file final-v6.cif (mmCIF, C-alpha atoms and all ligand atoms)
data_entry
loop_
_atom_site.label_atom_id
_atom_site.label_comp_id
_atom_site.auth_asym_id
_atom_site.auth_seq_id
_atom_site.Cartn_x
_atom_site.Cartn_y
_atom_site.Cartn_z
CA MET A 1 -4.16 -4.25 21.35
CA THR A 2 -5.24 -2.65 18.09
CA TYR A 3 -8.82 -2.23 16.97
CA MET A 4 -8.53 -4.96 14.34
CA THR A 5 -6.72 -7.29 16.71
CA ARG A 6 -9.54 -6.81 19.23
CA LEU A 7 -12.15 -7.28 16.55
CA LEU A 8 -10.64 -10.47 15.24
CA THR A 9 -9.14 -12.01 18.34
CA GLY A 10 -12.45 -13.57 19.30
CA THR A 11 -12.87 -15.22 15.92
CA VAL A 12 -9.25 -16.30 15.59
CA ALA A 13 -9.13 -17.64 19.15
CA ALA A 14 -12.40 -19.52 18.76
CA LEU A 15 -11.22 -21.11 15.54
CA ALA A 16 -7.74 -21.74 16.89
CA LEU A 17 -9.24 -24.04 19.51
CA ALA A 18 -10.84 -26.04 16.73
CA LEU A 19 -7.73 -26.26 14.52
CA PRO A 20 -6.66 -29.84 13.82
CA ALA A 21 -3.19 -30.63 15.18
CA ALA A 22 -1.93 -31.06 11.63
CA ALA A 23 -3.24 -27.69 10.36
CA THR A 24 -0.88 -26.17 7.83
CA GLU A 25 0.46 -22.85 9.11
CA TYR A 26 1.62 -20.45 6.40
CA ARG A 27 4.05 -17.61 6.98
CA VAL A 28 2.67 -14.20 6.07
CA ALA A 29 5.23 -11.38 5.77
CA VAL A 30 3.95 -7.92 6.68
CA GLY A 31 6.00 -4.81 5.91
CA ASP A 32 4.40 -2.47 8.45
CA GLY A 33 4.02 -2.50 12.22
CA ALA A 34 0.87 -3.23 14.22
CA GLY A 35 -2.22 -1.08 13.94
CA GLY A 36 -2.38 -0.35 10.24
CA THR A 37 -4.05 -1.64 7.11
CA GLN A 38 -1.56 -4.43 6.48
CA GLU A 39 -2.07 -6.04 9.88
CA ALA A 40 -5.84 -5.67 9.58
CA LEU A 41 -5.80 -7.32 6.16
CA GLY A 42 -3.58 -10.14 7.41
CA LEU A 43 -5.69 -10.88 10.49
CA ALA A 44 -8.88 -10.87 8.45
CA PHE A 45 -7.26 -13.20 5.90
CA ILE A 46 -6.13 -15.70 8.53
CA ALA A 47 -9.54 -15.74 10.23
CA ALA A 48 -11.26 -16.29 6.87
CA LEU A 49 -8.74 -18.94 5.79
CA GLU A 50 -9.36 -20.94 8.95
CA GLU A 51 -13.09 -20.62 8.45
CA GLN A 52 -12.99 -21.55 4.76
CA SER A 53 -10.74 -24.58 5.30
CA GLY A 54 -12.51 -25.81 8.44
CA GLY A 55 -9.28 -25.18 10.34
CA GLU A 56 -7.05 -27.15 7.95
CA MET A 57 -5.14 -24.01 6.95
CA THR A 58 -4.00 -21.09 9.05
CA GLY A 59 -1.33 -18.40 8.95
CA LYS A 60 1.05 -16.44 11.13
CA LEU A 61 1.83 -12.76 10.60
CA PHE A 62 5.41 -11.54 10.84
CA LEU A 63 5.10 -7.77 11.25
CA ASN A 64 7.63 -4.99 10.72
CA GLY A 65 9.48 -6.63 7.85
CA GLN A 66 10.75 -9.51 10.01
CA LEU A 67 10.77 -11.76 6.93
CA GLY A 68 12.53 -9.21 4.75
CA ASP A 69 12.04 -5.84 3.19
CA GLU A 70 8.84 -5.55 1.13
CA GLN A 71 10.53 -5.75 -2.28
CA ASP A 72 12.61 -8.73 -1.11
CA THR A 73 9.46 -10.60 -0.07
CA VAL A 74 8.26 -10.55 -3.68
CA THR A 75 11.41 -12.36 -4.77
CA ALA A 76 11.17 -14.75 -1.82
CA ALA A 77 7.55 -15.62 -2.65
CA ALA A 78 8.39 -16.00 -6.35
CA THR A 79 11.16 -18.48 -5.55
CA GLY A 80 8.94 -20.36 -3.11
CA THR A 81 10.88 -19.57 0.08
CA LEU A 82 8.00 -17.46 1.43
CA ASP A 83 4.28 -18.30 1.41
CA PHE A 84 2.38 -14.99 1.57
CA SER A 85 3.27 -11.31 1.81
CA ILE A 86 1.36 -8.07 2.38
CA LEU A 87 3.07 -5.00 0.99
CA ALA A 88 2.44 -1.63 -0.62
CA ILE A 89 1.66 -1.74 -4.33
CA ASN A 90 4.60 0.52 -5.13
CA ASN A 91 6.88 -2.28 -3.96
CA ILE A 92 5.45 -4.74 -6.49
CA THR A 93 5.68 -2.34 -9.43
CA PRO A 94 9.42 -2.93 -9.98
CA PHE A 95 8.58 -6.62 -10.64
CA SER A 96 5.39 -6.10 -12.63
CA PRO A 97 5.39 -2.71 -14.35
CA SER A 98 1.75 -2.83 -15.51
CA VAL A 99 0.69 -2.54 -11.86
CA GLY A 100 2.49 0.81 -11.99
CA THR A 101 -0.65 2.30 -13.54
CA LEU A 102 -2.07 2.34 -10.02
CA THR A 103 0.90 4.30 -8.70
CA LEU A 104 0.82 6.96 -11.41
CA PRO A 105 0.08 10.24 -9.65
CA TYR A 106 -3.54 11.36 -9.42
CA VAL A 107 -5.06 8.33 -11.19
CA ILE A 108 -6.89 6.86 -8.20
CA LEU A 109 -8.80 9.75 -6.64
CA SER A 110 -10.87 8.06 -3.91
CA GLN A 111 -11.41 4.84 -2.00
CA ASP A 112 -14.32 4.10 -4.35
CA ASP A 113 -11.92 4.39 -7.32
CA ALA A 114 -9.45 2.06 -5.61
CA GLU A 115 -12.09 -0.56 -4.88
CA ALA A 116 -13.66 -0.34 -8.34
CA ILE A 117 -10.35 -0.75 -10.14
CA THR A 118 -8.87 -3.52 -8.01
CA GLN A 119 -12.04 -5.58 -7.77
CA GLY A 120 -13.05 -5.11 -11.42
CA GLU A 121 -11.77 -6.24 -14.78
CA VAL A 122 -8.62 -4.09 -14.63
CA GLY A 123 -7.68 -5.62 -11.29
CA GLN A 124 -8.08 -9.11 -12.75
CA GLN A 125 -5.82 -8.18 -15.68
CA MET A 126 -3.21 -6.96 -13.21
CA ILE A 127 -3.46 -10.18 -11.22
CA ASP A 128 -2.85 -12.21 -14.39
CA GLN A 129 0.02 -9.98 -15.47
CA THR A 130 1.68 -10.12 -12.05
CA ILE A 131 1.63 -13.92 -12.06
CA GLU A 132 3.38 -13.85 -15.41
CA ASP A 133 5.87 -11.07 -14.61
CA ALA A 134 6.65 -11.69 -10.96
CA GLY A 135 5.66 -15.28 -10.10
CA VAL A 136 3.27 -14.16 -7.37
CA ARG A 137 -0.53 -14.06 -7.31
CA ILE A 138 -2.49 -11.17 -5.81
CA ILE A 139 -5.34 -12.78 -3.85
CA GLY A 140 -6.50 -9.79 -1.82
CA TRP A 141 -6.34 -6.01 -1.77
CA GLY A 142 -5.82 -3.77 1.25
CA TYR A 143 -6.73 -0.10 1.13
CA SER A 144 -4.60 2.37 3.08
CA GLY A 145 -5.71 5.78 1.88
CA PHE A 146 -3.75 8.62 0.31
CA ARG A 147 -0.03 8.93 0.86
CA VAL A 148 0.41 12.18 2.77
CA LEU A 149 3.76 13.92 2.96
CA THR A 150 5.40 14.17 6.38
CA ASN A 151 8.52 16.10 7.38
CA SER A 152 10.35 17.27 10.46
CA LYS A 153 11.18 20.81 9.33
CA LYS A 154 8.28 23.02 8.22
CA PRO A 155 4.68 23.17 7.05
CA VAL A 156 4.54 22.51 3.30
CA SER A 157 1.62 23.90 1.33
CA THR A 158 3.11 24.73 -2.08
CA VAL A 159 5.62 23.19 -4.44
CA GLU A 160 7.94 26.03 -3.50
CA ASP A 161 7.75 25.04 0.19
CA LEU A 162 9.01 21.61 -0.78
CA GLN A 163 12.28 22.92 -2.19
CA GLY A 164 15.31 22.07 -0.04
CA LEU A 165 13.64 19.16 1.78
CA VAL A 166 15.29 15.76 1.59
CA VAL A 167 12.44 13.30 1.04
CA ARG A 168 12.68 9.51 1.16
CA VAL A 169 10.72 7.61 -1.48
CA PRO A 170 10.45 3.87 -2.15
CA LYS A 171 12.71 2.48 -4.87
CA ASN A 172 10.00 3.18 -7.40
CA GLU A 173 10.70 5.08 -10.61
CA ILE A 174 7.24 6.61 -10.83
CA MET A 175 7.47 8.11 -7.37
CA ILE A 176 11.02 9.34 -7.98
CA GLU A 177 9.88 11.08 -11.17
CA THR A 178 6.87 12.57 -9.41
CA TYR A 179 9.06 14.36 -6.87
CA LYS A 180 11.38 15.45 -9.68
CA SER A 181 8.37 17.02 -11.40
CA TRP A 182 7.92 19.01 -8.19
CA GLY A 183 11.52 20.23 -8.40
CA ILE A 184 13.31 18.04 -5.87
CA ASN A 185 15.55 15.01 -6.17
CA PRO A 186 14.15 12.47 -3.69
CA THR A 187 16.16 9.80 -1.87
CA PRO A 188 15.11 6.23 -2.84
CA MET A 189 15.39 3.96 0.16
CA ALA A 190 14.11 0.56 1.29
CA TRP A 191 11.10 0.63 3.58
CA GLY A 192 12.89 -1.11 6.43
CA GLU A 193 15.51 1.65 6.64
CA THR A 194 13.06 4.53 6.67
CA PHE A 195 12.32 4.97 10.37
CA ALA A 196 16.02 5.06 11.29
CA ALA A 197 16.78 7.48 8.44
CA LEU A 198 14.06 9.86 9.69
CA GLN A 199 15.22 9.49 13.27
CA GLN A 200 18.86 10.14 12.41
CA LYS A 201 17.81 13.00 10.12
CA VAL A 202 19.46 11.44 7.09
CA VAL A 203 16.22 12.49 5.40
CA ASP A 204 13.73 15.20 6.44
CA GLY A 205 10.54 13.51 5.29
CA GLN A 206 8.67 10.76 3.47
CA ASP A 207 5.15 10.01 2.33
CA ASN A 208 2.77 7.28 3.42
CA PRO A 209 -0.92 7.01 4.35
CA TYR A 210 -2.19 8.08 7.78
CA MET A 211 -2.68 4.42 8.68
CA THR A 212 0.93 3.59 7.86
CA ASN A 213 2.40 6.67 9.52
CA TYR A 214 0.55 5.61 12.65
CA ALA A 215 1.51 1.92 12.43
CA MET A 216 5.16 2.91 11.99
CA LYS A 217 5.07 5.47 14.84
CA PHE A 218 6.38 8.18 12.50
CA ASP A 219 4.82 10.80 14.80
CA GLU A 220 7.85 10.19 17.04
CA VAL A 221 10.21 11.48 14.34
CA GLN A 222 8.03 13.72 12.12
CA LYS A 223 6.07 16.89 12.89
CA TYR A 224 4.34 18.22 9.75
CA ILE A 225 1.84 16.53 7.44
CA THR A 226 0.74 17.81 4.03
CA ASP A 227 -2.57 16.36 2.92
CA LEU A 228 -1.47 15.30 -0.57
CA HIS A 229 -3.61 12.97 -2.70
CA TYR A 230 -1.14 11.92 -5.37
CA ILE A 231 -1.23 8.17 -4.69
CA PHE A 232 -4.00 6.22 -3.02
CA SER A 233 -2.08 3.39 -1.43
CA ILE A 234 -3.23 -0.10 -2.19
CA GLU A 235 -1.70 -3.01 -0.30
CA PRO A 236 -1.88 -6.31 -2.16
CA LEU A 237 -1.87 -9.65 -0.37
CA ILE A 238 0.23 -11.99 -2.50
CA VAL A 239 0.82 -15.73 -2.46
CA SER A 240 3.73 -17.57 -3.96
CA GLU A 241 2.43 -18.85 -7.31
CA SER A 242 4.36 -22.10 -6.93
CA LEU A 243 2.71 -22.67 -3.53
CA PHE A 244 -0.71 -21.83 -4.98
CA GLU A 245 -0.16 -24.23 -7.90
CA SER A 246 0.82 -27.00 -5.47
CA MET A 247 -2.54 -26.75 -3.65
CA SER A 248 -5.58 -28.86 -4.47
CA GLU A 249 -8.34 -27.10 -6.38
CA GLU A 250 -10.43 -27.02 -3.20
CA GLU A 251 -7.63 -25.38 -1.22
CA GLN A 252 -7.08 -22.83 -3.97
CA GLN A 253 -10.76 -21.88 -3.83
CA GLN A 254 -10.55 -21.54 -0.04
CA VAL A 255 -7.48 -19.29 -0.32
CA LEU A 256 -9.17 -17.12 -2.96
CA ALA A 257 -12.36 -16.84 -0.91
CA ALA A 258 -10.34 -15.87 2.17
CA GLY A 259 -8.55 -13.21 0.13
CA LYS A 260 -11.90 -11.80 -1.00
CA ALA A 261 -13.21 -11.68 2.56
CA ALA A 262 -10.01 -9.93 3.70
CA THR A 263 -10.40 -7.36 0.90
CA GLN A 264 -13.88 -6.47 2.13
CA ALA A 265 -12.67 -6.27 5.75
CA SER A 266 -9.84 -3.95 4.71
CA ALA A 267 -12.18 -1.59 2.85
CA GLU A 268 -14.39 -1.40 5.93
CA PHE A 269 -11.39 -0.91 8.23
CA LEU A 270 -10.20 2.13 6.27
CA ARG A 271 -13.70 3.63 6.19
CA THR A 272 -14.17 3.35 9.94
CA GLU A 273 -10.61 3.94 11.18
CA GLU A 274 -8.80 6.52 9.02
CA ALA A 275 -10.43 9.63 10.52
CA LYS A 276 -9.73 8.38 14.06
CA ILE A 277 -6.11 7.67 13.26
CA ARG A 278 -5.68 11.10 11.65
CA GLU A 279 -7.05 12.66 14.85
CA GLU A 280 -4.76 10.50 16.97
CA LEU A 281 -1.71 11.72 15.04
CA VAL A 282 -2.81 15.31 15.70
CA ASN A 283 -3.27 14.50 19.40
CA ARG A 284 0.28 13.22 19.38
CA GLY A 285 1.49 16.61 18.14
CA MET A 286 1.51 16.41 14.37
CA GLU A 287 0.33 19.44 12.39
CA ILE A 288 -1.70 19.07 9.20
CA THR A 289 -1.38 21.57 6.33
CA GLN A 290 -3.61 21.63 3.24
CA PRO A 291 -1.96 21.97 -0.18
CA ALA A 292 -2.52 25.47 -1.57
CA ASN A 293 -5.09 26.09 -4.27
CA ASP A 294 -6.68 22.63 -4.05
CA GLU A 295 -3.37 20.99 -4.90
CA GLN A 296 -3.59 22.26 -8.51
CA GLU A 297 0.12 22.99 -8.89
CA PHE A 298 1.10 19.53 -7.61
CA ILE A 299 -1.50 17.90 -9.88
CA GLU A 300 -0.57 19.76 -13.05
CA LEU A 301 3.18 19.29 -12.71
CA ALA A 302 2.95 15.60 -11.86
CA THR A 303 0.38 14.51 -14.42
CA SER A 304 1.91 16.43 -17.32
CA ALA A 305 5.50 15.32 -16.63
CA VAL A 306 5.09 11.82 -15.22
CA TRP A 307 2.25 10.10 -17.08
CA PRO A 308 3.81 10.24 -20.58
CA LYS A 309 7.17 9.03 -19.26
CA PHE A 310 5.67 5.71 -18.20
CA TYR A 311 3.31 4.86 -21.07
CA ASP A 312 5.75 2.31 -22.49
CA GLN A 313 6.53 0.76 -19.15
CA ILE A 314 2.89 0.22 -18.16
CA GLY A 315 2.11 -1.40 -21.50
CA GLY A 316 1.03 1.62 -23.52
CA LYS A 317 -1.04 4.77 -23.07
CA GLU A 318 -4.16 2.67 -23.69
CA VAL A 319 -3.59 0.86 -20.37
CA LEU A 320 -3.88 4.16 -18.49
CA ASP A 321 -6.79 5.27 -20.69
CA ASN A 322 -8.57 2.03 -19.90
CA VAL A 323 -8.21 2.70 -16.17
CA LEU A 324 -9.32 6.33 -16.52
CA THR A 325 -12.34 5.58 -18.69
CA SER A 326 -13.41 2.69 -16.50
CA LEU A 327 -13.47 5.27 -13.68
CA GLY A 328 -15.68 7.52 -15.79
CA ARG A 329 -12.89 10.02 -16.58
CA GLU A 330 -11.45 11.43 -19.78
CA PRO A 331 -8.57 9.49 -21.40
CA ALA A 332 -5.08 10.98 -20.84
C1 LIG B 401 6.87 2.26 1.25
O1 LIG B 401 6.84 3.49 1.45
O2 LIG B 401 7.88 1.65 0.89
C2 LIG B 401 5.62 1.51 1.48
O3 LIG B 401 4.51 2.28 1.18
C3 LIG B 401 5.58 1.06 2.87
C4 LIG B 401 4.37 0.27 3.25
O4 LIG B 401 4.24 -0.84 2.83
O5 LIG B 401 3.53 0.70 4.01
#

call {"tool": "encode", "arguments": {"input": "final-v6.cif", "output": "structure tokens"}}
result
Amino acid sequence: MTYMTRLLTGTVAALALALPAAATEYRVAVGDGAGGTQEALGLAFIAALEEQSGGEMTGKLFLNGQLGDEQDTVTAAATGTLDFSILAINNITPFSPSVGTLTLPYVILSQDDAEAITQGEVGQQMIDQTIEDAGVRIIGWGYSGFRVLTNSKKPVSTVEDLQGLVVRVPKNEIMIETYKSWGINPTPMAWGETFAALQQKVVDGQDNPYMTNYAMKFDEVQKYITDLHYIFSIEPLIVSESLFESMSEEEQQQVLAAGKAATQASAEFLRTEEAKIREELVNRGMEITQPANDEQEFIELATSAVWPKFYDQIGGKEVLDNVLTSLGREPA
């Protein structure tokens, strides 16, 4: 039983006893396995939804992509065949390019940055834009931490060390271009195929946060970790907009309040759990390498080559500048 499951089981079980027989049970797709941010966010959401609705509404998590690959769940929710989904932000970007600002390399530099952006004005603009572009509404934000690079072959500290490695990336243009800026041609691949591809050595490596690498048991098929900080992974909780629109105003408020509570629980979960999970991966035999020279080479190559390429797609350079200045940084 995972930490979050233990933490929440009491609440969920207590409320479950009180659920009316006719409680509406929503299906919540989860891309990752048990033990990571996505499950924690989902459990916290369900507990809060039951509490908010006095047991009238509940949810059931389907882990490990049982309801479809992450990008497919966006389409399913948009067409109303799926209720809720929890997925990595990079898998929403193809449907709502403005959200891509949050996957541009080295824009979000800390958990505080991630929380400030998603819970502030910029986050609200992205929520509105995603409804329009993708037909889904972001009602909560999970925080997973930085995507670290893993591989099965060798310690990687410099851009030069990276050369020759076959690295899986999500089907996300920004991430593909980032690896190209580092001199390699990555392999875009759906999330659900990644474990098998690593196991069968179709690819040598991939990147994902510590929490996700742990939840997906990547330590069984990967040896080396490079502590990169190029993307801080945010995991939105989305609801089908057509489902949301079909709810009464009271239900909508309950869903939104539950999403807010889950967001807070996720932030706390990352703060308390990430260091322990990092240590656990080391105990299981993984080796962590720091990027040389404070990651400067990775940072300079990625920001200079990738940012300008995506200005148009994210809605203009001013969209990135707005994010940077709202974080107290210089415009691009
Ligand atoms: C991906 O690499 O496709 C995603 O980050 C996976 C995830 O949702 O954890």

call {"tool": "residues_near_ligand", "arguments": {"input": "final-v6.cif", "ligand": "ligand LIG 401 (chain B)", "cutoff": "8 Å", "atoms": "only C-alpha atoms and all ligand atoms", "output": "PDB file with C-alpha atoms, in the coordinates of the input"}}
result
ATOM      1  CA  GLY A  31       6.000  -4.810   5.910  1.00  0.00           C
ATOM      2  CA  ASP A  32       4.400  -2.470   8.450  1.00  0.00           C
ATOM      3  CA  GLN A  38      -1.560  -4.430   6.480  1.00  0.00           C
ATOM      4  CA  GLU A  70       8.840  -5.550   1.130  1.00  0.00           C
ATOM      5  CA  ILE A  86       1.360  -8.070   2.380  1.00  0.00           C
ATOM      6  CA  LEU A  87       3.070  -5.000   0.990  1.00  0.00           C
ATOM      7  CA  ALA A  88       2.440  -1.630  -0.620  1.00  0.00           C
ATOM      8  CA  ILE A  89       1.660  -1.740  -4.330  1.00  0.00           C
ATOM      9  CA  ASN A  90       4.600   0.520  -5.130  1.00  0.00           C
ATOM     10  CA  ASN A  91       6.880  -2.280  -3.960  1.00  0.00           C
ATOM     11  CA  VAL A 169      10.720   7.610  -1.480  1.00  0.00           C
ATOM     12  CA  PRO A 170      10.450   3.870  -2.150  1.00  0.00           C
ATOM     13  CA  LYS A 171      12.710   2.480  -4.870  1.00  0.00           C
ATOM     14  CA  MET A 189      15.390   3.960   0.160  1.00  0.00           C
ATOM     15  CA  ALA A 190      14.110   0.560   1.290  1.00  0.00           C
ATOM     16  CA  TRP A 191      11.100   0.630   3.580  1.00  0.00           C
ATOM     17  CA  GLY A 192      12.890  -1.110   6.430  1.00  0.00           C
ATOM     18  CA  GLN A 206       8.670  10.760   3.470  1.00  0.00           C
ATOM     19  CA  ASP A 207       5.150  10.010   2.330  1.00  0.00           C
ATOM     20  CA  ASN A 208       2.770   7.280   3.420  1.00  0.00           C
ATOM     21  CA  PRO A 209      -0.920   7.010   4.350  1.00  0.00           C
ATOM     22  CA  THR A 212       0.930   3.590   7.860  1.00  0.00           C
ATOM     23  CA  SER A 233      -2.080   3.390  -1.430  1.00  0.00           C
ATOM     24  CA  GLU A 235      -1.700  -3.010  -0.300  1.00  0.00           C
TER      25      GLU A 235
END

call {"tool": "residues_near_point", "arguments": {"input": "final-v6.cif", "point": "(-0.4, 21.2, 11.9)", "cutoff": "9 Å", "atoms": "only C-alpha atoms", "output": "PyMOL selection string"}}
result
chain A and resi 155+223-226+282+285-289

call {"tool": "closest_residue", "arguments": {"input": "final-v6.cif", "among": "A:Val122, A:Ala114, A:Ala77, A:Val28", "to": "Ala267 of chain A", "atoms": "all atoms listed in the file"}}
result
A:Ala114

call {"tool": "atom_distance", "arguments": {"input": "final-v6.cif", "atom1": "atom CA of Asp227 of chain A", "atom2": "atom CA of Ile117 of chain A"}}
result
22.9 Å

call {"tool": "atom_distance", "arguments": {"input": "final-v6.cif", "atom1": "atom CA of Gly68 of chain A", "atom2": "atom CA of Thr150 of chain A"}}
result
24.5 Å

call {"tool": "residues_around", "arguments": {"input": "final-v6.cif", "residues": "Ser266 of chain A", "least_positions_apart": "6", "cutoff": "9 Å", "atoms": "all atoms listed in the file", "output": "short mmCIF file (atom, residue, chain, number, x, y, z; two decimals) with C-alpha atoms, keeping the file's coordinate frame"}}
result
data_model
loop_
_atom_site.label_atom_id
_atom_site.label_comp_id
_atom_site.auth_asym_id
_atom_site.auth_seq_id
_atom_site.Cartn_x
_atom_site.Cartn_y
_atom_site.Cartn_z
CA THR A 37 -4.05 -1.64 7.11
CA GLN A 38 -1.56 -4.43 6.48
CA ALA A 40 -5.84 -5.67 9.58
CA LEU A 41 -5.80 -7.32 6.16
CA ALA A 44 -8.88 -10.87 8.45
CA TRP A 141 -6.34 -6.01 -1.77
CA GLY A 142 -5.82 -3.77 1.25
CA TYR A 143 -6.73 -0.10 1.13
CA SER A 144 -4.60 2.37 3.08
#

call {"tool": "atom_distance", "arguments": {"input": "final-v6.cif", "atom1": "atom CA of Gly328 of chain A", "atom2": "atom CA of Leu301 of chain A"}}
result
22.4 Å

call {"tool": "closest_residue", "arguments": {"input": "final-v6.cif", "among": "A:Ser157, A:Thr103, A:Asn322, A:Ser96", "to": "Gln129 of chain A", "atoms": "all atoms listed in the file"}}
result
A:Ser96

call {"tool": "closest_residue", "arguments": {"input": "final-v6.cif", "among": "A:Gln254, A:Gln111, A:Thr263, A:Thr325", "to": "Glu51 of chain A", "atoms": "only C-alpha atoms"}}
result
A:Gln254

call {"tool": "residues_around", "arguments": {"input": "final-v6.cif", "residues": "Gly42 of chain A", "least_positions_apart": "3", "cutoff": "9 Å", "atoms": "only C-alpha atoms", "output": "short mmCIF file (atom, residue, chain, number, x, y, z; two decimals) with C-alpha atoms, keeping the file's coordinate frame"}}
result
data_model
loop_
_atom_site.label_atom_id
_atom_site.label_comp_id
_atom_site.auth_asym_id
_atom_site.auth_seq_id
_atom_site.Cartn_x
_atom_site.Cartn_y
_atom_site.Cartn_z
CA VAL A 28 2.67 -14.20 6.07
CA VAL A 30 3.95 -7.92 6.68
CA THR A 37 -4.05 -1.64 7.11
CA GLN A 38 -1.56 -4.43 6.48
CA GLU A 39 -2.07 -6.04 9.88
CA PHE A 45 -7.26 -13.20 5.90
CA ILE A 46 -6.13 -15.70 8.53
CA ALA A 47 -9.54 -15.74 10.23
CA GLY A 59 -1.33 -18.40 8.95
CA LYS A 60 1.05 -16.44 11.13
CA LEU A 61 1.83 -12.76 10.60
CA SER A 85 3.27 -11.31 1.81
CA ILE A 86 1.36 -8.07 2.38
CA LEU A 237 -1.87 -9.65 -0.37
CA ALA A 262 -10.01 -9.93 3.70
#

call {"tool": "closest_residue", "arguments": {"input": "final-v6.cif", "among": "A:Ile234, A:Gly164, A:Val239, A:Ser152", "to": "Asp204 of chain A", "atoms": "only C-alpha atoms"}}
result
A:Ser152

call {"tool": "axis_aligned_box", "arguments": {"input": "final-v6.cif", "around": "segment 242-255 of chain A", "padding_each_side": "4 Å", "output": "AutoDock Vina command-line options"}}
result
--center_x -3.2 --center_y -24.1 --center_z -4.0 --size_x 23.1 --size_y 17.6 --size_z 15.9
